[in-house]
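**Student:** Structure incoming, see below.
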Amino acid sequence: MIEEEKSLNFIEEIIEEDLRNGKHDGRVLTRFPPEPNGYLHIGHAKSICLNFSLAQKYNGQTNLRFDDTNPVTEEVEYVDSIKKDIQWLGFQWAQELYTSDYFETLYDFAVQLIQKGLAYVDDSNSEEIASSKGTPTEPGIPSIYRNRSVEENLQLFSEMKAGKYKDGEKVLRAKIDLASPNMHMRDPLLYRIKHAHHHRTGDAWCIYPMYDFAHGQSDSIEKITHSVCTLEFIPHRPLYDWLIEKLEIFPSKQYEFARLNLTYTVMSKRKLLQLVNEKVVESWDDPRMPTISGLRRRGYTPASIRNFCERIGIQKRENMIDVSLLEFCIREDLNKTAWRRMAVLDPIKLIIDNLPEDHHEVFLGENNPEAEDGEGSREIPFSRELWIERDDFMEEPPKKFFRLGPGLSVRLKHGYIVTCTGYQTDENGHVTEVHCDYVANSKSGEDTSGMKVKGTIHWVSAPHAKEAEVRLYDRLFQDENPAAAEDFKSSINPDSLHIIPTAYIEPDLSNATLGKGFQFIRLGYFTLDEKYSKAERLVFNRTVTLRDSWAKVAKKG
């Protein structure tokens, strides 16, 4: 069978056309340019996968360039987290660069613009500049400083660099077209004064380039062939091209694609920072956050995120992606890779009365039945007393209840068929013990009893069980589009985290390692929490349920 050739996205079509025409000498060099003012989220993962995958496909390279032009909001912590996230996703950059590497060059570029009469120092404050720009239908009003001489502008700009002026006292603006229908071309800001300590350059600079000035020029300095960014930068492209043209430098080109919008999620760094600062979540890497570090801590795998990014593709128009697709991708991956184990989260005791009190035997269970060889097996101890889930027993079961109740029979996973003979309750009427008899010749894989049962339940041997804390994570927001609300926090899901302080797990789980996914049979996919789990106190996070529990909620709504 011939595999259908995958169609190209529009950026791949552009690259292939460039390669056919011998543009850039057949080179493909992309870049990922994050600002180190927060942790990366799933939207950034789409950009990472796109930039690095394009370079890989066309035998090119990708630079990691930190856009560190705002010292007030940037920290080394964010730089380190960004590098960790990219490598965890499975990518490695060709060069680690910083816009601050180019501060001297960018300053020289600004001087060149002044010398050409294409930039001027403006003493107006931010409100005055904004009000003089006009409206989309009305031209702007020239600043009274617009016609300063080249010599005066050079002197003032030099004094700005030397630290003579306070923050906001002066700015450098490009001199372009105050009547342009594109507001970004109406004498945009190129430099502003910020007396703040920079995480790399210290106090060497007190003027910093604006993004629009630093971005295209940094691309050009690195000779980036395809500068890929999101759709909101379309209006910025004419300025990107204008600056490169006027400076007569390498002609990098900007191409735009639709950013990722995800249901039940907010992507704004400002909003995510608000969630952290207001203690709605515990940190940037809280497993409910859409950050890459949060997804990693929750148990998402690099493969699942890369697969998700590939499935959603690259579009030219904004759209909303259902978060259930991301959840599907992690279920699909973990179904193939997660080892199966048994855990009981809401326990009641099951006692098999027709077994001796000291009964002990060992069953074998495959680690992963989805793998051809099962990926080996582990020993599962079995005894007279077991822990089972509370909702696997009902005192008065309805019809078609295929678990335990008076007179009902079920199979114990990997084990025997048992029949309920009775139960005990406490003074409040809560069931504390369920009593059963087992069918001796009904052992799984060796069953000669002839009995047919419709239900199978999981369990953990009480004498051998280990204790663990289990954290059941769910979606952080209840509304499909929380960002659209007047107060995005109004749709916070009060049940986004449920902590079970003591669950019982089969003893083999005490050997669990960080980053390994497990399917707790019948309960969902789980992983060790990388922050709080210790050898003496295991903490498991639920990555995702076995099925989309929100589909029913949406249907009902």
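Ligands are numbered from 1 in the order shown, chains are lettered A, B, ... in the order of the structure tokens, and residues start at 1 in each chain.
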I'd like the neighbourhood of Asp322 (chain A) as a list in words, where a residue qualifies if any of its atoms comes within 10 Å (using only C-alpha atoms), though same-chain residues fewer than 3 positions away should be ignored.

**Tutor:**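 Here the qualifying residues turn out to be Asn261, Leu262, Thr263, Tyr264, Thr265, Ile312, Asn319, Leu325, Leu326, Glu327 and Glu480 of chain A.
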
**Student:** Name all residues at most 12 Å from Glu361 (chain A) (count only C-alpha atoms; drop same-chain ones fewer than 6 positions away) and give them as a PDB file with N, CA, C and O atoms, in the first residue's frame.

**Tutor:**
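The result, stored in out-v7.pdb:
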```
ATOM      1  N   LEU A 355     -10.605 -18.127  52.609  1.00  0.00           N
ATOM      2  CA  LEU A 355      -9.158 -18.271  52.496  1.00  0.00           C
ATOM      3  C   LEU A 355      -8.558 -18.240  53.901  1.00  0.00           C
ATOM      4  O   LEU A 355      -9.055 -17.520  54.783  1.00  0.00           O
ATOM      5  N   GLU A 379       5.368  -8.919  39.708  1.00  0.00           N
ATOM      6  CA  GLU A 379       4.663  -9.777  40.644  1.00  0.00           C
ATOM      7  C   GLU A 379       3.645  -8.959  41.425  1.00  0.00           C
ATOM      8  O   GLU A 379       3.931  -7.850  41.868  1.00  0.00           O
ATOM      9  N   ILE A 380       2.443  -9.537  41.552  1.00  0.00           N
ATOM     10  CA  ILE A 380       1.362  -8.871  42.281  1.00  0.00           C
ATOM     11  C   ILE A 380       0.972  -9.758  43.464  1.00  0.00           C
ATOM     12  O   ILE A 380       0.393 -10.833  43.275  1.00  0.00           O
ATOM     13  N   PRO A 381       1.302  -9.353  44.685  1.00  0.00           N
ATOM     14  CA  PRO A 381       0.948 -10.188  45.849  1.00  0.00           C
ATOM     15  C   PRO A 381      -0.558 -10.200  46.085  1.00  0.00           C
ATOM     16  O   PRO A 381      -1.238  -9.189  45.884  1.00  0.00           O
ATOM     17  N   PHE A 382      -1.054 -11.362  46.511  1.00  0.00           N
ATOM     18  CA  PHE A 382      -2.488 -11.549  46.759  1.00  0.00           C
ATOM     19  C   PHE A 382      -2.652 -12.181  48.133  1.00  0.00           C
ATOM     20  O   PHE A 382      -1.883 -13.074  48.513  1.00  0.00           O
ATOM     21  N   SER A 383      -3.652 -11.722  48.878  1.00  0.00           N
ATOM     22  CA  SER A 383      -3.868 -12.243  50.230  1.00  0.00           C
ATOM     23  C   SER A 383      -5.362 -12.294  50.546  1.00  0.00           C
ATOM     24  O   SER A 383      -6.197 -11.972  49.699  1.00  0.00           O
ATOM     25  N   ARG A 384      -5.649 -12.671  51.768  1.00  0.00           N
ATOM     26  CA  ARG A 384      -7.048 -12.815  52.197  1.00  0.00           C
ATOM     27  C   ARG A 384      -7.752 -11.457  52.289  1.00  0.00           C
ATOM     28  O   ARG A 384      -8.951 -11.356  52.038  1.00  0.00           O
ATOM     29  N   HIS A 414      -6.599 -10.112  37.390  1.00  0.00           N
ATOM     30  CA  HIS A 414      -5.477 -11.057  37.452  1.00  0.00           C
ATOM     31  C   HIS A 414      -5.731 -12.224  38.416  1.00  0.00           C
ATOM     32  O   HIS A 414      -4.864 -13.081  38.564  1.00  0.00           O
ATOM     33  N   GLY A 415      -6.904 -12.234  39.088  1.00  0.00           N
ATOM     34  CA  GLY A 415      -7.100 -13.214  40.150  1.00  0.00           C
ATOM     35  C   GLY A 415      -8.349 -14.048  39.994  1.00  0.00           C
ATOM     36  O   GLY A 415      -8.709 -14.489  38.887  1.00  0.00           O
ATOM     37  N   TYR A 416      -9.043 -14.238  41.101  1.00  0.00           N
ATOM     38  CA  TYR A 416     -10.175 -15.158  41.176  1.00  0.00           C
ATOM     39  C   TYR A 416     -11.515 -14.436  41.044  1.00  0.00           C
ATOM     40  O   TYR A 416     -11.614 -13.221  41.218  1.00  0.00           O
ATOM     41  N   LYS A 443      -9.142 -19.029  38.833  1.00  0.00           N
ATOM     42  CA  LYS A 443      -8.001 -18.122  38.680  1.00  0.00           C
ATOM     43  C   LYS A 443      -7.861 -17.672  37.229  1.00  0.00           C
ATOM     44  O   LYS A 443      -7.958 -18.471  36.292  1.00  0.00           O
ATOM     45  N   SER A 461      -3.557  -5.819  47.618  1.00  0.00           N
ATOM     46  CA  SER A 461      -3.435  -6.656  48.814  1.00  0.00           C
ATOM     47  C   SER A 461      -3.145  -5.779  50.029  1.00  0.00           C
ATOM     48  O   SER A 461      -2.152  -5.029  50.048  1.00  0.00           O
ATOM     49  N   HIS A 464       0.295  -5.913  51.853  1.00  0.00           N
ATOM     50  CA  HIS A 464       1.438  -5.555  51.015  1.00  0.00           C
ATOM     51  C   HIS A 464       1.338  -4.138  50.447  1.00  0.00           C
ATOM     52  O   HIS A 464       2.296  -3.651  49.834  1.00  0.00           O
TER      53      HIS A 464
END
```

**Student:** What is the CA of Val434 (chain A)-CA of Lys349 (chain A) distance in Å, reported with one decimal?

**Tutor:** 6.2 Å

**Student:** Rank A:Pro501, A:Val281, A:Glu159, A:Val544 by their smallest atom-to-atom distance to Phe520 (chain A), using only C-alpha atoms, and report the top residue only.

**Tutor:**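 Result for the nearest residue to Phe520 (chain A): A:Val544.
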
**Student:** Interatomic distance between CA of Asp333 (chain A) and CA of Glu310 (chain A)?

**Tutor:**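 Taking CA of Asp333 (chain A) and CA of Glu310 (chain A), their separation equals 14.1 Å.
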
**Student:** List every residue of region 255-457 of chain A that DSSP, applied to the backbone of this structure, places in alpha helix (DSSP H), and write the result as a PyMOL selection string.

**Tutor:** chain A and resi 269-277+292-298+302-312+323-337

**Student:** Mind checking which residues fall within 6 Å of region 471-476 of chain A, counting only C-alpha atoms, ignoring those fewer than 4 positions away in the same chain, and posting them as an MDAnalysis selection string?

**Tutor:** chainID A and resid 288 492:493 496:499 541:542

**Student:** With only C-alpha atoms as the counted atoms, please give the residues lying no more than 9 Å from Ala214 (chain A), apart from itself and same-chain residues fewer than 4 positions off, as JSON, numbers by chain.

**Tutor:** {"A": [67, 69, 99, 102, 103, 106, 190, 209, 210, 218, 219]}

**Student:** Next, the residues of the selection above should be written as an mmCIF file, in the first residue's frame with all heavy atoms.

**Tutor:**
```
data_model
loop_
_atom_site.group_PDB
_atom_site.id
_atom_site.type_symbol
_atom_site.label_atom_id
_atom_site.label_comp_id
_atom_site.auth_asym_id
_atom_site.auth_seq_id
_atom_site.Cartn_x
_atom_site.Cartn_y
_atom_site.Cartn_z
ATOM 1 N N ASP A 67 14.957 37.521 23.497
ATOM 2 C CA ASP A 67 14.647 38.931 23.247
ATOM 3 C C ASP A 67 14.687 39.673 24.588
ATOM 4 O O ASP A 67 13.655 39.988 25.184
ATOM 5 C CB ASP A 67 13.272 39.045 22.591
ATOM 6 C CG ASP A 67 12.844 40.489 22.401
ATOM 7 O OD1 ASP A 67 13.728 41.329 22.172
ATOM 8 O OD2 ASP A 67 11.636 40.767 22.518
ATOM 9 N N THR A 69 15.224 42.700 25.902
ATOM 10 C CA THR A 69 15.301 44.152 25.731
ATOM 11 C C THR A 69 14.503 44.914 26.777
ATOM 12 O O THR A 69 14.403 46.146 26.690
ATOM 13 C CB THR A 69 14.794 44.551 24.328
ATOM 14 O OG1 THR A 69 13.465 44.046 24.149
ATOM 15 C CG2 THR A 69 15.702 43.985 23.250
ATOM 16 N N THR A 99 19.479 39.174 22.307
ATOM 17 C CA THR A 99 19.441 40.478 21.654
ATOM 18 C C THR A 99 20.473 41.410 22.288
ATOM 19 O O THR A 99 21.055 42.258 21.607
ATOM 20 C CB THR A 99 18.023 41.083 21.752
ATOM 21 O OG1 THR A 99 17.084 40.189 21.143
ATOM 22 C CG2 THR A 99 17.949 42.415 21.043
ATOM 23 N N TYR A 102 23.729 42.182 20.753
ATOM 24 C CA TYR A 102 23.778 43.116 19.628
ATOM 25 C C TYR A 102 23.540 44.563 20.045
ATOM 26 O O TYR A 102 23.305 45.422 19.188
ATOM 27 C CB TYR A 102 22.736 42.721 18.573
ATOM 28 C CG TYR A 102 22.736 41.262 18.207
ATOM 29 C CD1 TYR A 102 21.551 40.540 18.141
ATOM 30 C CD2 TYR A 102 23.927 40.588 17.934
ATOM 31 C CE1 TYR A 102 21.543 39.195 17.801
ATOM 32 C CE2 TYR A 102 23.929 39.241 17.606
ATOM 33 C CZ TYR A 102 22.733 38.545 17.540
ATOM 34 O OH TYR A 102 22.733 37.224 17.213
ATOM 35 N N PHE A 103 23.566 44.852 21.341
ATOM 36 C CA PHE A 103 23.227 46.211 21.780
ATOM 37 C C PHE A 103 24.111 47.269 21.118
ATOM 38 O O PHE A 103 23.627 48.329 20.707
ATOM 39 C CB PHE A 103 23.319 46.316 23.302
ATOM 40 C CG PHE A 103 22.084 45.823 24.028
ATOM 41 C CD1 PHE A 103 22.046 45.782 25.414
ATOM 42 C CD2 PHE A 103 20.955 45.418 23.334
ATOM 43 C CE1 PHE A 103 20.916 45.338 26.087
ATOM 44 C CE2 PHE A 103 19.812 44.964 23.989
ATOM 45 C CZ PHE A 103 19.802 44.923 25.375
ATOM 46 N N LEU A 106 23.064 47.466 17.405
ATOM 47 C CA LEU A 106 21.760 48.103 17.273
ATOM 48 C C LEU A 106 21.868 49.606 17.513
ATOM 49 O O LEU A 106 21.205 50.410 16.834
ATOM 50 C CB LEU A 106 20.761 47.469 18.243
ATOM 51 C CG LEU A 106 20.392 46.008 17.949
ATOM 52 C CD1 LEU A 106 19.597 45.410 19.103
ATOM 53 C CD2 LEU A 106 19.602 45.896 16.651
ATOM 54 N N LEU A 190 11.795 53.701 18.581
ATOM 55 C CA LEU A 190 12.917 52.795 18.353
ATOM 56 C C LEU A 190 13.680 52.501 19.645
ATOM 57 O O LEU A 190 14.154 51.392 19.847
ATOM 58 C CB LEU A 190 13.876 53.383 17.315
ATOM 59 C CG LEU A 190 13.300 53.738 15.946
ATOM 60 C CD1 LEU A 190 14.397 54.283 15.040
ATOM 61 C CD2 LEU A 190 12.638 52.516 15.297
ATOM 62 N N PRO A 209 16.436 49.042 22.991
ATOM 63 C CA PRO A 209 15.663 49.077 21.741
ATOM 64 C C PRO A 209 14.274 48.496 21.933
ATOM 65 O O PRO A 209 14.080 47.557 22.713
ATOM 66 C CB PRO A 209 16.498 48.206 20.799
ATOM 67 C CG PRO A 209 17.230 47.264 21.708
ATOM 68 C CD PRO A 209 17.508 48.036 22.962
ATOM 69 N N MET A 210 13.324 49.073 21.223
ATOM 70 C CA MET A 210 11.980 48.511 21.204
ATOM 71 C C MET A 210 11.998 47.211 20.400
ATOM 72 O O MET A 210 12.879 46.983 19.553
ATOM 73 C CB MET A 210 11.003 49.503 20.563
ATOM 74 C CG MET A 210 10.943 50.855 21.258
ATOM 75 S SD MET A 210 10.360 50.749 22.973
ATOM 76 C CE MET A 210 8.631 50.322 22.706
ATOM 77 N N SER A 218 18.069 41.969 14.488
ATOM 78 C CA SER A 218 18.712 40.765 15.045
ATOM 79 C C SER A 218 18.597 39.611 14.053
ATOM 80 O O SER A 218 19.556 38.848 13.860
ATOM 81 C CB SER A 218 18.069 40.390 16.380
ATOM 82 O OG SER A 218 18.252 41.410 17.333
ATOM 83 N N ASP A 219 17.414 39.476 13.428
ATOM 84 C CA ASP A 219 17.254 38.463 12.374
ATOM 85 C C ASP A 219 18.297 38.669 11.280
ATOM 86 O O ASP A 219 18.931 37.718 10.804
ATOM 87 C CB ASP A 219 15.856 38.553 11.754
ATOM 88 C CG ASP A 219 14.774 37.935 12.627
ATOM 89 O OD1 ASP A 219 15.115 37.231 13.586
ATOM 90 O OD2 ASP A 219 13.588 38.166 12.329
#
```

**Student:** Return the single residue from A:Met342, A:Pro356, A:Gly374, A:Pro482 that is closest to Leu523 (chain A), with distances computed using only C-alpha atoms.

**Tutor:**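 For Leu523 (chain A), the nearest of the given residues is A:Met342.
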
**Student:** What's the 12 Å shell around Gly90 (chain A), counting only C-alpha atoms, without same-chain residues fewer than 6 positions away, as a ChimeraX atom specification?

**Tutor:** /A:45,48-49,52-53,56,83-84,301-306

**Student:** Keeping only all heavy atoms, write those residues as a compact mmCIF listing (two decimals), in the first residue's frame.

**Tutor:**
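Wrote it out as selection37.txt, contents follow:
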```txt
# COMPACT_ATOMS: atom_id res chain seq x y z
N ALA A 45 4.98 26.09 22.47
CA ALA A 45 5.38 24.76 21.98
C ALA A 45 5.07 24.63 20.49
O ALA A 45 5.84 24.02 19.74
CB ALA A 45 4.67 23.66 22.77
N ILE A 48 7.83 26.50 18.76
CA ILE A 48 9.08 25.73 18.87
C ILE A 48 9.08 24.59 17.87
O ILE A 48 10.04 24.41 17.11
CB ILE A 48 9.24 25.20 20.31
CG1 ILE A 48 9.50 26.34 21.29
CG2 ILE A 48 10.40 24.19 20.38
CD1 ILE A 48 9.39 25.93 22.75
N CYS A 49 8.00 23.81 17.89
CA CYS A 49 7.93 22.65 16.98
C CYS A 49 8.00 23.08 15.52
O CYS A 49 8.65 22.43 14.70
CB CYS A 49 6.64 21.86 17.24
SG CYS A 49 6.63 20.99 18.84
N PHE A 52 11.81 24.56 14.72
CA PHE A 52 12.83 23.51 14.74
C PHE A 52 12.54 22.43 13.70
O PHE A 52 13.46 21.92 13.06
CB PHE A 52 12.95 22.91 16.14
CG PHE A 52 13.73 23.75 17.10
CD1 PHE A 52 13.11 24.74 17.85
CD2 PHE A 52 15.10 23.58 17.26
CE1 PHE A 52 13.83 25.53 18.74
CE2 PHE A 52 15.83 24.36 18.14
CZ PHE A 52 15.20 25.34 18.88
N SER A 53 11.27 22.10 13.52
CA SER A 53 10.93 21.05 12.55
C SER A 53 11.18 21.50 11.12
O SER A 53 11.62 20.71 10.28
CB SER A 53 9.46 20.63 12.72
OG SER A 53 9.26 20.06 13.99
N GLN A 56 14.86 21.16 10.58
CA GLN A 56 15.24 19.74 10.48
C GLN A 56 14.85 19.17 9.13
O GLN A 56 15.63 18.44 8.50
CB GLN A 56 14.57 18.94 11.61
CG GLN A 56 15.17 19.20 12.98
CD GLN A 56 14.42 18.46 14.08
OE1 GLN A 56 13.36 17.88 13.85
NE2 GLN A 56 14.96 18.49 15.29
N LYS A 83 15.20 27.17 28.25
CA LYS A 83 16.17 26.22 27.67
C LYS A 83 15.80 24.79 28.05
O LYS A 83 15.87 23.88 27.21
CB LYS A 83 17.58 26.56 28.15
CG LYS A 83 18.10 27.88 27.58
CD LYS A 83 19.59 28.04 27.77
CE LYS A 83 19.95 28.31 29.21
NZ LYS A 83 21.39 28.67 29.36
N LYS A 84 15.39 24.60 29.30
CA LYS A 84 14.99 23.26 29.75
C LYS A 84 13.79 22.74 28.96
O LYS A 84 13.76 21.57 28.54
CB LYS A 84 14.67 23.29 31.24
CG LYS A 84 14.25 21.93 31.82
CD LYS A 84 13.98 22.04 33.32
CE LYS A 84 13.53 20.69 33.88
NZ LYS A 84 13.25 20.79 35.35
N THR A 301 3.93 13.97 27.86
CA THR A 301 5.20 13.54 27.28
C THR A 301 5.58 14.47 26.13
O THR A 301 4.71 15.07 25.49
CB THR A 301 5.10 12.11 26.75
OG1 THR A 301 4.10 12.08 25.71
CG2 THR A 301 4.71 11.13 27.85
N PRO A 302 6.88 14.58 25.84
CA PRO A 302 7.27 15.38 24.67
C PRO A 302 6.61 14.90 23.39
O PRO A 302 6.18 15.70 22.57
CB PRO A 302 8.80 15.19 24.62
CG PRO A 302 9.19 14.84 26.01
CD PRO A 302 8.04 14.06 26.57
N ALA A 303 6.53 13.57 23.23
CA ALA A 303 5.93 13.01 22.01
C ALA A 303 4.47 13.43 21.87
O ALA A 303 4.01 13.73 20.76
CB ALA A 303 6.04 11.49 22.02
N SER A 304 3.73 13.47 22.97
CA SER A 304 2.31 13.83 22.89
C SER A 304 2.14 15.29 22.47
O SER A 304 1.24 15.63 21.71
CB SER A 304 1.62 13.57 24.23
OG SER A 304 2.07 14.47 25.23
N ILE A 305 3.02 16.16 22.95
CA ILE A 305 2.92 17.58 22.60
C ILE A 305 3.36 17.81 21.16
O ILE A 305 2.73 18.57 20.41
CB ILE A 305 3.74 18.43 23.59
CG1 ILE A 305 3.11 18.34 24.99
CG2 ILE A 305 3.80 19.89 23.13
CD1 ILE A 305 3.88 19.05 26.07
N ARG A 306 4.43 17.13 20.75
CA ARG A 306 4.85 17.26 19.35
C ARG A 306 3.76 16.73 18.41
O ARG A 306 3.47 17.34 17.36
CB ARG A 306 6.16 16.49 19.11
CG ARG A 306 7.37 17.08 19.81
CD ARG A 306 8.66 16.50 19.25
NE ARG A 306 8.69 15.05 19.30
CZ ARG A 306 9.22 14.34 20.29
NH1 ARG A 306 9.76 14.96 21.35
NH2 ARG A 306 9.24 13.02 20.25
```

**Student:** His226 (chain A): which residues within 12 Å, counting only C-alpha atoms, same-chain residues fewer than 4 positions away excluded, as an MDAnalysis selection string?

**Tutor:** chainID A and resid 11:12 14:16 18:19 23:24 27:32 50:52 54:55 58 60:63 216 219:220 222 251:256

**Student:** Okay, now the selection with C-alpha atoms, as a PDB file, in the first residue's frame?

**Tutor:**
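See out_26.pdb below for the written result:
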```pdb
ATOM      1  CA  ILE A  11       5.499  28.039   5.055  1.00  0.00           C
ATOM      2  CA  GLU A  12       6.951  24.804   3.664  1.00  0.00           C
ATOM      3  CA  ILE A  14       7.562  29.178   0.597  1.00  0.00           C
ATOM      4  CA  ILE A  15      10.767  27.429   1.699  1.00  0.00           C
ATOM      5  CA  GLU A  16      10.634  24.933  -1.154  1.00  0.00           C
ATOM      6  CA  ASP A  18      13.106  29.593  -2.153  1.00  0.00           C
ATOM      7  CA  LEU A  19      15.228  26.450  -2.396  1.00  0.00           C
ATOM      8  CA  LYS A  23      17.615  31.898  -2.518  1.00  0.00           C
ATOM      9  CA  HIS A  24      19.951  32.347   0.475  1.00  0.00           C
ATOM     10  CA  ARG A  27      20.255  27.775   3.420  1.00  0.00           C
ATOM     11  CA  VAL A  28      17.373  27.448   5.877  1.00  0.00           C
ATOM     12  CA  LEU A  29      17.973  29.186   9.200  1.00  0.00           C
ATOM     13  CA  THR A  30      15.036  29.792  11.545  1.00  0.00           C
ATOM     14  CA  ARG A  31      14.977  31.142  15.071  1.00  0.00           C
ATOM     15  CA  PHE A  32      12.882  30.902  18.225  1.00  0.00           C
ATOM     16  CA  LEU A  50       7.343  24.678  13.824  1.00  0.00           C
ATOM     17  CA  ASN A  51      10.698  26.495  13.783  1.00  0.00           C
ATOM     18  CA  PHE A  52      12.825  23.515  14.743  1.00  0.00           C
ATOM     19  CA  LEU A  54      11.189  23.300   9.484  1.00  0.00           C
ATOM     20  CA  ALA A  55      14.947  23.494   9.946  1.00  0.00           C
ATOM     21  CA  TYR A  58      15.290  21.138   5.131  1.00  0.00           C
ATOM     22  CA  GLY A  60      18.909  23.708   8.265  1.00  0.00           C
ATOM     23  CA  GLN A  61      19.400  25.043  11.760  1.00  0.00           C
ATOM     24  CA  THR A  62      17.509  26.996  14.408  1.00  0.00           C
ATOM     25  CA  ASN A  63      18.904  29.667  16.690  1.00  0.00           C
ATOM     26  CA  GLY A 216      14.254  42.473  12.418  1.00  0.00           C
ATOM     27  CA  ASP A 219      17.254  38.463  12.374  1.00  0.00           C
ATOM     28  CA  SER A 220      19.404  40.238   9.812  1.00  0.00           C
ATOM     29  CA  GLU A 222      22.115  36.308  12.240  1.00  0.00           C
ATOM     30  CA  PRO A 251      17.104  40.959   3.903  1.00  0.00           C
ATOM     31  CA  SER A 252      15.522  38.571   6.392  1.00  0.00           C
ATOM     32  CA  LYS A 253      11.817  38.011   5.708  1.00  0.00           C
ATOM     33  CA  GLN A 254       8.944  37.691   8.153  1.00  0.00           C
ATOM     34  CA  TYR A 255       6.131  35.152   7.709  1.00  0.00           C
ATOM     35  CA  GLU A 256       3.067  34.879   9.927  1.00  0.00           C
TER      36      GLU A 256
END
```

**Student:** Let's see if you can do this: from backbone DSSP, list all strand (DSSP E) residues in region 60-137 of chain A, as a ChimeraX atom specification.

**Tutor:** /A:61-66,96-98,119-122

**Student:** Grab the CA of Ala535 (chain A) to CA of Val470 (chain A) distance for me, in Å with one decimal place.

**Tutor:**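 Distance between the two atoms: 14.6 Å.
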
**Student:** When distances are computed from only C-alpha atoms, which of A:His41, A:Trp339, A:Gly517, A:Trp205 shows the smallest separation from Glu375 (chain A)?

**Tutor:**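 Ranked by minimum distance to Glu375 (chain A), first place goes to A:Trp339.
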
**Student:** Which of these, A:Thr230, A:Thr545, A:Ser409, A:Ser510, has the shortest distance to Arg522 (chain A) once you count only C-alpha atoms?

**Tutor:** A:Thr545

**Student:** Have a look at A:Trp550, A:Phe402, A:Tyr525, A:Tyr39 and name the one nearest to Thr291 (chain A); count only C-alpha atoms.

**Tutor:** A:Tyr39
